[in-house]
$ cat query17.cif   # mmCIF, C-alpha atoms
data_final
#
loop_
_atom_site.label_atom_id
_atom_site.label_comp_id
_atom_site.auth_asym_id
_atom_site.auth_seq_id
_atom_site.Cartn_x
_atom_site.Cartn_y
_atom_site.Cartn_z
CA MET K 116 -72.03 -79.39 26.27
CA ASN K 117 -70.65 -76.46 24.31
CA PRO K 118 -67.66 -75.10 26.28
CA VAL K 119 -66.07 -71.72 25.64
CA ILE K 120 -63.44 -69.52 27.28
CA GLY K 121 -63.87 -65.75 27.30
CA LEU K 122 -60.46 -64.07 27.21
CA ASP K 123 -59.90 -60.41 28.06
CA VAL K 124 -56.44 -59.55 26.75
CA SER K 125 -54.40 -56.60 28.02
CA LYS K 126 -50.74 -55.65 27.96
CA GLY K 127 -48.70 -58.61 29.17
CA GLU K 128 -51.55 -60.49 30.82
CA SER K 129 -55.05 -61.88 30.27
CA HIS K 130 -58.11 -62.80 32.31
CA ALA K 131 -60.07 -65.93 31.36
CA GLN K 132 -63.56 -67.09 32.28
CA ALA K 133 -64.60 -70.61 31.25
CA PHE K 134 -68.14 -71.79 30.53
CA ALA K 135 -69.09 -75.48 30.41
CA ASP K 136 -72.30 -74.56 28.59
CA ARG K 137 -74.69 -71.67 28.12
CA GLY K 138 -75.31 -70.03 31.48
CA THR K 139 -72.96 -72.46 33.25
CA PRO K 140 -69.68 -70.80 34.28
CA TYR K 141 -66.86 -73.20 35.07
CA GLY K 142 -64.68 -72.16 37.97
CA LYS K 143 -63.52 -68.65 38.79
CA ILE K 144 -61.75 -66.00 36.78
CA PHE K 145 -58.25 -67.15 35.85
CA ARG K 146 -55.43 -64.66 35.34
CA PHE K 147 -52.18 -65.48 33.51
CA ASN K 148 -49.17 -63.64 32.08
CA HIS K 149 -48.07 -63.77 28.45
CA ASP K 150 -44.87 -65.64 29.17
CA LEU K 151 -43.96 -69.33 28.99
CA ASP K 152 -45.15 -70.15 32.50
CA GLY K 153 -48.33 -68.13 32.15
CA LEU K 154 -49.33 -69.63 28.80
CA ALA K 155 -48.56 -73.13 30.11
CA SER K 156 -50.88 -72.50 33.09
CA PHE K 157 -53.62 -71.36 30.69
CA LEU K 158 -53.18 -74.58 28.70
CA ARG K 159 -53.70 -76.62 31.89
CA TYR K 160 -56.76 -74.48 32.67
CA ALA K 161 -58.23 -75.25 29.23
CA GLN K 162 -57.36 -78.94 29.54
CA ASP K 163 -59.23 -79.14 32.86
CA LEU K 164 -62.31 -77.72 31.15
CA GLU K 165 -61.89 -80.21 28.30
CA SER K 166 -61.71 -83.11 30.77
CA PHE K 167 -64.89 -81.91 32.47
CA THR K 168 -66.94 -81.38 29.30
CA GLY K 169 -65.36 -83.99 27.05
CA LYS K 170 -64.89 -81.36 24.36
CA ARG K 171 -62.18 -78.80 23.59
CA ALA K 172 -63.39 -75.26 24.27
CA ALA K 173 -63.45 -72.46 21.75
CA VAL K 174 -61.75 -69.22 22.83
CA VAL K 175 -63.33 -65.77 22.33
CA LEU K 176 -61.18 -62.64 22.57
CA GLU K 177 -61.14 -59.05 21.36
CA ALA K 178 -58.73 -57.63 18.82
CA THR K 179 -56.39 -55.50 20.95
CA GLY K 180 -53.75 -54.17 18.60
CA HIS K 181 -50.57 -56.22 18.98
CA TYR K 182 -51.25 -57.31 22.56
CA HIS K 183 -53.31 -60.34 21.51
CA SER K 184 -50.72 -61.55 18.96
CA PRO K 185 -48.74 -63.87 21.32
CA VAL K 186 -51.99 -65.36 22.64
CA VAL K 187 -53.34 -66.00 19.12
CA GLN K 188 -50.05 -67.58 18.10
CA PHE K 189 -50.17 -69.82 21.17
CA LEU K 190 -53.77 -70.85 20.40
CA ASP K 191 -52.77 -71.65 16.81
CA GLU K 192 -49.86 -73.80 17.92
CA HIS K 193 -52.13 -75.83 20.22
CA GLN K 194 -54.96 -76.03 17.66
CA PHE K 195 -57.61 -74.15 19.60
CA VAL K 196 -60.60 -72.82 17.67
CA HIS K 197 -60.56 -69.13 18.48
CA ILE K 198 -62.76 -66.18 17.57
CA VAL K 199 -61.31 -62.68 17.39
CA ILE K 200 -64.13 -60.15 17.52
CA ASN K 201 -64.27 -56.45 16.74
CA PRO K 202 -64.16 -54.38 19.99
CA LEU K 203 -67.21 -52.48 18.71
CA LEU K 204 -69.30 -55.65 19.02
CA SER K 205 -68.28 -56.32 22.60
CA HIS K 206 -68.78 -52.64 23.47
CA GLN K 207 -72.35 -52.76 22.17
CA ALA K 208 -72.99 -55.95 24.15
CA LYS K 209 -71.76 -54.32 27.36
CA LYS K 210 -74.10 -51.35 26.82
CA ALA K 211 -77.06 -53.75 26.83
CA ASN K 212 -76.51 -54.38 30.56
CA LEU K 213 -78.28 -52.11 33.03
CA ARG K 214 -75.34 -52.06 35.41
CA LYS K 215 -72.25 -50.18 34.32
CA VAL K 216 -69.30 -52.43 35.18
CA LYS K 217 -65.82 -52.24 33.65
CA THR K 218 -63.26 -54.72 34.96
CA ASP K 219 -61.07 -57.29 33.25
CA ALA K 220 -62.99 -60.08 34.99
CA ALA K 221 -66.34 -58.68 33.84
CA ASP K 222 -65.04 -58.27 30.28
CA ALA K 223 -63.89 -61.90 30.16
CA TYR K 224 -67.29 -63.04 31.47
CA GLN K 225 -69.06 -60.88 28.85
CA LEU K 226 -67.00 -62.32 26.00
CA GLY K 227 -67.91 -65.85 27.05
CA GLU K 228 -71.61 -64.99 27.10
CA MET K 229 -71.37 -63.39 23.66
CA PHE K 230 -70.37 -66.77 22.24
CA TYR K 231 -73.84 -68.11 23.03
CA LYS K 232 -75.78 -64.96 22.09
CA GLU K 233 -74.13 -64.03 18.79
CA GLU K 234 -73.41 -65.96 15.62
CA LEU K 235 -69.63 -65.71 15.76
CA GLU K 236 -67.49 -67.29 13.10
CA PRO K 237 -64.19 -69.00 14.03
CA TYR K 238 -61.13 -66.95 13.28
CA LYS K 239 -59.48 -68.03 10.06
CA LYS K 240 -55.77 -67.70 10.31
CA ARG K 241 -54.37 -65.34 7.73
CA GLY K 242 -51.57 -66.61 5.63
CA GLN K 243 -48.03 -65.87 6.69
CA TYR K 244 -47.45 -63.78 3.60
CA LEU K 245 -50.50 -61.59 4.26
CA MET K 246 -49.62 -61.02 7.91
CA ASN K 247 -46.02 -60.13 7.10
CA LEU K 248 -47.22 -57.90 4.28
CA ARG K 249 -49.57 -56.10 6.62
CA TYR K 250 -46.82 -55.42 9.17
CA LEU K 251 -44.50 -54.14 6.44
CA THR K 252 -47.05 -51.86 4.79
CA ARG K 253 -48.09 -50.38 8.12
CA GLN K 254 -44.46 -49.85 9.07
CA HIS K 255 -43.92 -48.14 5.71
CA GLU K 256 -46.86 -45.81 6.35
CA SER K 257 -45.61 -44.95 9.84
CA LEU K 258 -42.06 -44.31 8.63
CA THR K 259 -43.32 -42.22 5.72
CA GLY K 260 -45.17 -39.99 8.17
CA MET K 261 -42.00 -39.40 10.18
CA TYR K 262 -40.07 -38.77 6.95
CA VAL K 263 -42.57 -36.08 5.91
CA GLN K 264 -42.29 -34.38 9.30
CA ALA K 265 -38.49 -34.38 9.05
CA LYS K 266 -38.73 -32.84 5.57
CA LEU K 267 -40.91 -30.01 6.88
CA GLN K 268 -38.44 -29.28 9.69
CA PHE K 269 -35.56 -29.42 7.22
CA GLN K 270 -37.21 -26.91 4.89
CA ALA K 271 -37.90 -24.52 7.79
CA VAL K 272 -34.20 -24.51 8.74
CA LEU K 273 -32.99 -24.32 5.12
CA ASP K 274 -35.13 -21.21 4.54
CA GLN K 275 -33.15 -19.50 7.29
CA VAL K 276 -29.73 -20.62 6.09
CA PHE K 277 -29.68 -21.06 2.31
CA PRO K 278 -33.16 -20.33 0.83
CA GLU K 279 -31.82 -20.02 -2.73
CA TYR K 280 -30.66 -23.65 -2.60
CA HIS K 281 -34.20 -24.66 -3.61
CA GLY K 282 -34.24 -25.42 -7.33
CA VAL K 283 -30.51 -26.01 -7.74
CA PHE K 284 -31.01 -29.75 -8.02
CA GLY K 285 -34.08 -31.19 -9.68
CA ASP K 286 -34.89 -33.04 -6.47
CA LEU K 287 -33.98 -31.23 -3.28
CA TYR K 288 -34.02 -34.55 -1.41
CA ALA K 289 -31.79 -36.43 -3.83
CA LYS K 290 -28.80 -38.00 -2.10
CA VAL K 291 -26.33 -35.81 -4.02
CA SER K 292 -28.23 -32.67 -3.04
CA LEU K 293 -28.43 -33.57 0.66
CA ARG K 294 -24.83 -34.77 0.91
CA PHE K 295 -23.51 -31.62 -0.75
CA LEU K 296 -25.56 -29.43 1.56
CA VAL K 297 -24.31 -31.14 4.71
CA LEU K 298 -20.70 -30.42 3.61
CA TYR K 299 -21.31 -26.89 2.25
CA PRO K 300 -24.37 -25.48 4.05
CA THR K 301 -23.85 -21.73 3.48
CA SER K 302 -23.38 -19.53 0.45
CA GLN K 303 -20.13 -18.19 1.91
CA VAL K 304 -18.59 -21.69 1.85
CA VAL K 305 -19.77 -22.24 -1.73
CA LEU K 306 -18.44 -18.88 -2.97
CA ALA K 307 -15.04 -19.64 -1.39
CA MET K 308 -14.62 -22.35 -4.09
CA SER K 309 -14.20 -22.00 -7.82
CA GLU K 310 -16.80 -23.33 -10.25
CA LYS K 311 -14.45 -26.15 -11.21
CA GLU K 312 -14.02 -27.14 -7.55
CA VAL K 313 -17.79 -27.17 -7.05
CA MET K 314 -18.19 -29.33 -10.15
CA THR K 315 -15.58 -31.78 -8.85
CA ARG K 316 -17.32 -32.02 -5.46
CA ILE K 317 -20.65 -32.79 -7.15
CA GLN K 318 -19.01 -35.44 -9.36
CA ASN K 319 -17.41 -37.11 -6.33
CA LEU K 320 -20.71 -37.16 -4.45
CA ALA K 321 -22.60 -38.49 -7.48
CA GLY K 322 -19.98 -41.18 -7.99
CA TYR K 323 -19.78 -40.76 -11.76
CA VAL K 324 -19.04 -38.19 -14.49
CA ASN K 325 -22.11 -37.21 -16.49
CA PRO K 326 -21.20 -36.93 -20.15
CA ASN K 327 -24.03 -34.49 -20.91
CA GLY K 328 -22.64 -31.70 -18.74
CA TRP K 329 -25.07 -32.26 -15.85
CA THR K 330 -22.41 -31.48 -13.22
CA ILE K 331 -21.39 -28.28 -15.02
CA GLU K 332 -25.00 -27.11 -15.11
CA LYS K 333 -25.50 -27.84 -11.43
CA ALA K 334 -22.25 -26.13 -10.48
CA GLN K 335 -23.30 -23.00 -12.37
CA LYS K 336 -26.75 -23.01 -10.78
CA LEU K 337 -25.22 -23.47 -7.35
CA MET K 338 -22.80 -20.58 -7.77
CA ALA K 339 -25.61 -18.33 -9.01
CA ALA K 340 -27.83 -19.36 -6.08
CA ALA K 341 -25.01 -18.58 -3.63
CA GLU K 342 -24.65 -15.11 -5.17
CA ARG K 343 -28.41 -14.44 -4.81
CA ASN K 344 -28.69 -15.86 -1.30
CA PRO K 345 -29.55 -13.11 1.23
CA PHE K 346 -27.55 -14.82 4.01
CA LYS K 347 -23.85 -15.20 3.21
CA GLU K 348 -23.23 -16.64 6.67
CA THR K 349 -25.92 -17.60 9.16
CA ALA K 350 -26.18 -15.57 12.36
CA PHE K 351 -27.25 -18.68 14.30
CA PRO K 352 -24.72 -21.54 14.36
CA SER K 353 -27.43 -23.68 15.94
CA HIS K 354 -29.18 -23.70 12.56
CA LEU K 355 -26.16 -25.44 11.01
CA ILE K 356 -26.24 -28.10 13.72
CA SER K 357 -29.96 -28.67 13.15
CA LEU K 358 -29.45 -28.76 9.38
CA GLU K 359 -26.79 -31.47 9.63
CA LEU K 360 -28.85 -33.56 12.03
CA LEU K 361 -31.96 -33.33 9.85
CA ILE K 362 -30.05 -34.17 6.66
CA ASN K 363 -28.55 -37.28 8.27
CA LEU K 364 -32.02 -38.22 9.50
CA LEU K 365 -33.51 -37.78 6.02
CA LEU K 366 -30.83 -39.97 4.46
CA GLN K 367 -31.49 -42.69 7.04
CA TYR K 368 -35.23 -42.52 6.39
CA GLN K 369 -34.60 -42.85 2.65
CA ASP K 370 -32.47 -45.96 3.18
CA HIS K 371 -35.04 -47.56 5.49
CA LEU K 372 -37.94 -46.78 3.15
CA SER K 373 -36.00 -48.16 0.20
CA LYS K 374 -35.41 -51.44 2.06
CA LEU K 375 -39.06 -51.62 3.08
CA ASP K 376 -40.16 -51.01 -0.52
CA GLN K 377 -37.99 -53.88 -1.70
CA SER K 378 -39.19 -56.19 1.08
CA ILE K 379 -42.84 -55.40 0.32
CA GLU K 380 -42.28 -55.96 -3.39
CA ASP K 381 -40.53 -59.31 -2.83
CA LEU K 382 -43.23 -60.52 -0.44
CA ALA K 383 -46.16 -59.35 -2.55
CA GLN K 384 -44.76 -61.03 -5.66
CA GLU K 385 -45.46 -64.37 -3.98
CA LEU K 386 -49.20 -63.64 -4.12
CA LEU K 387 -51.22 -64.20 -7.28
CA GLU K 388 -53.69 -61.50 -6.26
CA TYR K 389 -50.93 -58.87 -6.29
CA ASP K 390 -50.81 -58.72 -10.09
CA LEU K 391 -54.56 -59.19 -10.41
CA ILE K 392 -55.39 -56.10 -8.33
CA GLN K 393 -52.90 -54.03 -10.32
CA SER K 394 -54.96 -54.78 -13.42
CA ILE K 395 -57.33 -52.07 -12.16
CA PRO K 396 -56.04 -48.75 -13.60
CA GLY K 397 -54.96 -46.44 -10.80
CA ILE K 398 -53.76 -49.16 -8.42
CA GLY K 399 -49.97 -49.44 -8.40
CA THR K 400 -47.59 -51.62 -6.46
CA LYS K 401 -47.82 -49.87 -3.08
CA LEU K 402 -51.60 -49.52 -3.10
CA ALA K 403 -52.01 -53.13 -4.26
CA ALA K 404 -49.83 -54.40 -1.41
CA THR K 405 -51.66 -52.26 1.17
CA ILE K 406 -55.13 -53.31 -0.04
CA LEU K 407 -54.18 -57.00 -0.02
CA ALA K 408 -52.57 -56.77 3.40
CA GLU K 409 -55.55 -55.00 5.00
CA ILE K 410 -58.20 -57.27 3.46
CA GLY K 411 -56.38 -60.47 4.37
CA GLU K 412 -58.06 -63.68 3.26
CA ILE K 413 -61.00 -62.77 1.08
CA ASP K 414 -63.02 -65.84 2.10
CA ARG K 415 -63.66 -64.10 5.44
CA PHE K 416 -66.29 -62.11 3.54
CA ASP K 417 -69.17 -63.93 1.86
CA HIS K 418 -70.43 -60.78 0.14
CA ALA K 419 -68.92 -57.54 -1.20
CA LYS K 420 -71.16 -55.54 1.17
CA LYS K 421 -69.37 -57.07 4.16
CA LEU K 422 -66.05 -55.97 2.70
CA ILE K 423 -67.52 -52.48 2.24
CA ALA K 424 -68.52 -52.46 5.91
CA PHE K 425 -65.04 -53.68 6.87
CA ALA K 426 -63.59 -50.69 4.99
CA GLY K 427 -66.00 -48.37 6.82
CA ILE K 428 -67.43 -46.73 3.69
CA ASP K 429 -70.98 -48.00 4.11
CA PRO K 430 -73.54 -45.25 4.84
CA SER K 431 -74.82 -44.88 8.36
CA VAL K 432 -78.57 -45.14 8.91
CA PHE K 433 -80.62 -43.04 11.31
CA SER K 434 -84.38 -43.43 11.54
CA SER K 435 -86.66 -42.78 14.50
CA GLY K 436 -90.44 -42.65 14.38
CA LYS K 437 -91.47 -40.66 11.33
CA PHE K 438 -88.04 -39.11 10.95
CA THR K 439 -85.54 -40.61 8.54
CA ALA K 440 -82.21 -38.86 8.01
CA THR K 441 -81.43 -37.92 4.43
CA ARG K 442 -77.77 -37.02 5.02
CA ASN K 443 -75.99 -40.17 6.11
CA PRO K 444 -72.21 -39.99 6.49
CA ILE K 445 -70.13 -43.14 6.10
CA THR K 446 -69.62 -45.18 9.27
CA LYS K 447 -65.79 -45.05 9.31
CA ARG K 448 -65.89 -48.08 11.62
CA GLY K 449 -63.69 -50.39 9.60
CA SER K 450 -60.05 -50.40 8.62
CA ARG K 451 -58.82 -46.82 8.32
CA LYS K 452 -55.78 -47.89 6.34
CA LEU K 453 -57.90 -49.80 3.81
CA ARG K 454 -60.24 -46.82 3.53
CA THR K 455 -57.31 -44.48 2.87
CA ALA K 456 -55.83 -46.82 0.25
CA LEU K 457 -59.18 -47.03 -1.56
CA TYR K 458 -59.52 -43.24 -1.58
CA GLN K 459 -56.03 -42.89 -3.05
CA ALA K 460 -56.80 -45.57 -5.65
CA VAL K 461 -59.94 -43.70 -6.72
CA ARG K 462 -58.08 -40.40 -7.03
CA CYS K 463 -55.33 -42.06 -9.07
CA GLY K 464 -57.90 -43.75 -11.31
CA LEU K 465 -59.73 -40.48 -11.94
CA ARG K 466 -56.54 -38.54 -12.62
CA SER K 467 -56.11 -38.09 -16.38
CA SER K 468 -58.99 -40.60 -16.76
CA ARG K 469 -56.66 -43.57 -16.24
CA ASN K 470 -59.64 -45.73 -15.32
CA LYS K 471 -62.23 -44.80 -17.96
CA LYS K 472 -64.88 -47.04 -16.42
CA LEU K 473 -64.46 -45.39 -13.02
CA ARG K 474 -64.40 -41.94 -14.65
CA LEU K 475 -67.73 -42.57 -16.35
CA TYR K 476 -69.26 -43.66 -13.05
CA TYR K 477 -67.85 -40.56 -11.30
CA ASP K 478 -69.20 -38.24 -14.02
CA LYS K 479 -72.60 -39.91 -13.74
CA LYS K 480 -72.71 -39.27 -9.98
CA ARG K 481 -71.65 -35.66 -10.44
CA ALA K 482 -74.32 -35.19 -13.11
CA GLU K 483 -76.87 -36.44 -10.57
CA GLY K 484 -75.87 -33.53 -8.35
CA LYS K 485 -73.65 -35.44 -5.94
CA LEU K 486 -70.94 -33.49 -4.16
CA PHE K 487 -67.30 -34.29 -4.91
CA LYS K 488 -66.69 -36.30 -1.73
CA VAL K 489 -69.97 -38.18 -2.12
CA ALA K 490 -69.06 -39.10 -5.69
CA VAL K 491 -65.58 -40.25 -4.64
CA ILE K 492 -67.02 -42.46 -1.88
CA ALA K 493 -69.45 -43.93 -4.41
CA CYS K 494 -66.46 -44.70 -6.65
CA ALA K 495 -64.64 -46.34 -3.71
CA ASN K 496 -67.75 -48.45 -3.13
CA LYS K 497 -67.71 -49.49 -6.79
CA LEU K 498 -63.98 -50.20 -6.58
CA ILE K 499 -64.51 -52.59 -3.65
CA HIS K 500 -67.05 -54.55 -5.70
CA TRP K 501 -64.45 -54.91 -8.47
CA ILE K 502 -61.74 -55.93 -5.99
CA TYR K 503 -64.04 -58.47 -4.36
CA ALA K 504 -64.88 -60.00 -7.76
CA ILE K 505 -61.20 -60.14 -8.74
CA LEU K 506 -60.11 -61.81 -5.48
CA THR K 507 -62.93 -64.37 -5.45
CA LYS K 508 -62.86 -65.26 -9.14
CA LYS K 509 -59.07 -64.91 -9.54
CA GLU K 510 -59.57 -63.00 -12.78
CA ALA K 511 -58.00 -59.76 -13.95
CA PHE K 512 -60.01 -56.56 -14.31
CA ARG K 513 -61.52 -55.81 -17.73
CA LEU K 514 -62.46 -52.29 -18.81
CA ASP K 515 -65.20 -53.69 -21.06
#

$ encode --input "query17.cif" --output "structure tokens"
Amino acid sequence: MNPVIGLDVSKGESHAQAFADRGTPYGKIFRFNHDLDGLASFLRYAQDLESFTGKRAAVVLEATGHYHSPVVQFLDEHQFVHIVINPLLSHQAKKANLRKVKTDAADAYQLGEMFYKEELEPYKKRGQYLMNLRYLTRQHESLTGMYVQAKLQFQAVLDQVFPEYHGVFGDLYAKVSLRFLVLYPTSQVVLAMSEKEVMTRIQNLAGYVNPNGWTIEKAQKLMAAAERNPFKETAFPSHLISLELLINLLLQYQDHLSKLDQSIEDLAQELLEYDLIQSIPGIGTKLAATILAEIGEIDRFDHAKKLIAFAGIDPSVFSSGKFTATRNPITKRGSRKLRTALYQAVRCGLRSSRNKKLRLYYDKKRAEGKLFKVAVIACANKLIHWIYAILTKKEAFRLD
């Protein structure tokens, strides 16, 4: 016998259908919650199947965001062989049925049948470092998006209160710049002070005295900006409230992102591949961490083409009868975050010809008449081959 349990995972609960062998369901659909009692009842359910067949069952389930994480962890702890499949595969299998049925029970039954129809490989547990790294890099990306949105809102309010403040400090979002603005948000408040007082305020906020006259220069620029500012005092006090709230939000985002950067750096340093990937010109610390985290364990892929498909940059194919499409966009069915990181790595490598080998390949594709995006995708494809070779051979990249 070859037992298996199909597991349809949803938020907080799962439905299981056991099979003693191909075409031989064992018992009825079993529902359990993702709590201690529920997981314990599932363990008894699996043990009953094991007693009947004399063999421990494999478990097949879909990847469902973070909902399947507690179940996978439970299966790991109890040493179950489990297979986590791409939802696209199960979706295609469901479409093969003539009847259109969508229930949790039917999904669990379908997953069990897929075990016998498809060549599914057991799920290889990713290392703790890689999983933690993936969570951190994704959190960093999410937080960066919120930080950018807050910056856009901040600029919109600043343009209505103190537009001339742009350019006073080299970096508008430097801590000194933001902290000064939250205390003195209008040109009227700035002009009420002397240049020496402004200089002292900047020194106190910076926490040190710059010997090269940096604070004097900034104080002079600030006074001149206040003189040029078209709004001496805002007509809408609500703008000042919004400005203060947004500045405090920006400062918090900066602190959180700084901590995340340090955590990612510390965690990635434990991995040998982290330095190896950075040997490719154009891939820095953040991109290296993201690429490693999204790929996971490289031995999941026995060929670079499978990694290309996982990234979703393999060309789609459409052919029917005598017609064969000549314009084939990429599938975009893999990891979006890995695809984005590869695109950024290619752009960084091409910028100022940092990666001469990649630049030559790009120029060759452009000379063949390829459009810019097509050439960039071809470069990303080439980059994946290099990354795959580096991770499998554990050797640094060589430009020659």

$ atom_distance --input "query17.cif" --atom1 "CA of Gly169 in chain K" --atom2 "CA of Leu226 in chain K"
21.8 Å

$ resolve_selection --input "query17.cif" --expression "the PyMOL selection byres ((chain K and resi 283) around 7)" --output "count of residues only"
8

$ closest_residue --input "query17.cif" --among "K:Leu248, K:Leu372, K:Leu514, K:Ala131" --to "Gly260 in chain K" --atoms "only C-alpha atoms"
K:Leu372

$ atom_distance --input "query17.cif" --atom1 "CA of Arg451 in chain K" --atom2 "CA of Asp478 in chain K"
26.1 Å

$ atom_distance --input "query17.cif" --atom1 "CA of Leu465 in chain K" --atom2 "CA of Gly397 in chain K"
7.7 Å

$ closest_residue --input "query17.cif" --among "K:Ile505, K:Phe351, K:Arg462, K:Ala511" --to "Phe487 in chain K" --atoms "only C-alpha atoms"
K:Arg462

$ closest_residue --input "query17.cif" --among "K:Gln393, K:Gln318, K:Gln303, K:Ser166" --to "Thr349 in chain K" --atoms "all atoms listed in the file"
K:Gln303

$ resolve_selection --input "query17.cif" --expression "the PyMOL selection byres ((chain K and resi 151-162) around 12)" --output "ChimeraX atom specification"
/K:118-122,127-135,141-150,163-174,185-190,192-195

$ closest_residue --input "query17.cif" --among "K:Arg454, K:His197, K:Lys126, K:Lys290" --to "Leu176 in chain K" --atoms "only C-alpha atoms"
K:His197

$ residues_around --input "query17.cif" --residues "Asp274 in chain K" --least-positions-apart "5" --cutoff "12 Å" --atoms "all atoms listed in the file" --output "JSON, numbers by chain"
{"K": [267, 268, 269, 279, 280, 281, 300, 301, 344, 345, 346, 349, 354, 355, 358]}

$ residues_around --input "query17.cif" --residues "range 471-474 of chain K" --least-positions-apart "4" --cutoff "9 Å" --atoms "all atoms listed in the file" --output "list in words"
Pro396, Val461, Gly464, Leu465, Arg466, Asp478, Lys479, Cys494, Lys497, Leu498, Leu514 and Asp515 of chain K

$ write_last_selection --input "query17.cif" --atoms "C-alpha atoms" --output "PDB file, in the frame of the given file"
ATOM      1  CA  PRO K 396     -56.040 -48.750 -13.600  1.00  0.00           C
ATOM      2  CA  VAL K 461     -59.940 -43.700  -6.720  1.00  0.00           C
ATOM      3  CA  GLY K 464     -57.900 -43.750 -11.310  1.00  0.00           C
ATOM      4  CA  LEU K 465     -59.730 -40.480 -11.940  1.00  0.00           C
ATOM      5  CA  ARG K 466     -56.540 -38.540 -12.620  1.00  0.00           C
ATOM      6  CA  ASP K 478     -69.200 -38.240 -14.020  1.00  0.00           C
ATOM      7  CA  LYS K 479     -72.600 -39.910 -13.740  1.00  0.00           C
ATOM      8  CA  CYS K 494     -66.460 -44.700  -6.650  1.00  0.00           C
ATOM      9  CA  LYS K 497     -67.710 -49.490  -6.790  1.00  0.00           C
ATOM     10  CA  LEU K 498     -63.980 -50.200  -6.580  1.00  0.00           C
ATOM     11  CA  LEU K 514     -62.460 -52.290 -18.810  1.00  0.00           C
ATOM     12  CA  ASP K 515     -65.200 -53.690 -21.060  1.00  0.00           C
TER      13      ASP K 515
END

$ resolve_selection --input "query17.cif" --expression "the PyMOL selection byres ((chain K and resi 330) around 12)" --output "PyMOL selection string"
chain K and resi 283-284+291-292+310-329+331-337

$ residues_around --input "query17.cif" --residues "Ala426 in chain K" --least-positions-apart "3" --cutoff "6 Å" --atoms "all atoms listed in the file" --output "PyMOL selection string"
chain K and resi 423+449-450+453-454

$ residues_around --input "query17.cif" --residues "Ser353 in chain K" --least-positions-apart "4" --cutoff "12 Å" --atoms "all atoms listed in the file" --output "PyMOL selection string"
chain K and resi 272+275-276+349+357-360

$ closest_residue --input "query17.cif" --among "K:Leu306, K:Val196, K:Leu365, K:Ile356" --to "Ala340 in chain K" --atoms "all atoms listed in the file"
K:Leu306

$ decode --input "query17.cif" --residues "range 175-198 of chain K" --atoms "C-alpha atoms" --output "PDB file, in the first residue's frame"
ATOM      1  CA  VAL K 175       0.002  16.634   0.193  1.00  0.00           C
ATOM      2  CA  LEU K 176      -1.059  20.263   0.644  1.00  0.00           C
ATOM      3  CA  GLU K 177      -1.100  23.531  -1.273  1.00  0.00           C
ATOM      4  CA  ALA K 178       1.039  26.547  -0.484  1.00  0.00           C
ATOM      5  CA  THR K 179      -1.462  28.995   1.042  1.00  0.00           C
ATOM      6  CA  GLY K 180       0.552  32.003   2.115  1.00  0.00           C
ATOM      7  CA  HIS K 181       1.149  31.861   5.862  1.00  0.00           C
ATOM      8  CA  TYR K 182      -1.920  29.750   6.656  1.00  0.00           C
ATOM      9  CA  HIS K 183      -0.121  26.452   6.038  1.00  0.00           C
ATOM     10  CA  SER K 184       2.906  27.394   8.198  1.00  0.00           C
ATOM     11  CA  PRO K 185       1.621  25.933  11.531  1.00  0.00           C
ATOM     12  CA  VAL K 186       0.586  22.717   9.758  1.00  0.00           C
ATOM     13  CA  VAL K 187       3.984  22.347   8.047  1.00  0.00           C
ATOM     14  CA  GLN K 188       5.757  22.976  11.334  1.00  0.00           C
ATOM     15  CA  PHE K 189       3.591  20.330  13.021  1.00  0.00           C
ATOM     16  CA  LEU K 190       4.339  17.820  10.235  1.00  0.00           C
ATOM     17  CA  ASP K 191       8.065  18.537  10.584  1.00  0.00           C
ATOM     18  CA  GLU K 192       7.990  17.987  14.330  1.00  0.00           C
ATOM     19  CA  HIS K 193       6.282  14.600  13.883  1.00  0.00           C
ATOM     20  CA  GLN K 194       8.511  13.593  10.945  1.00  0.00           C
ATOM     21  CA  PHE K 195       5.826  13.316   8.279  1.00  0.00           C
ATOM     22  CA  VAL K 196       6.941  13.344   4.652  1.00  0.00           C
ATOM     23  CA  HIS K 197       4.969  16.212   3.171  1.00  0.00           C
ATOM     24  CA  ILE K 198       4.666  17.727  -0.283  1.00  0.00           C
TER      25      ILE K 198
END
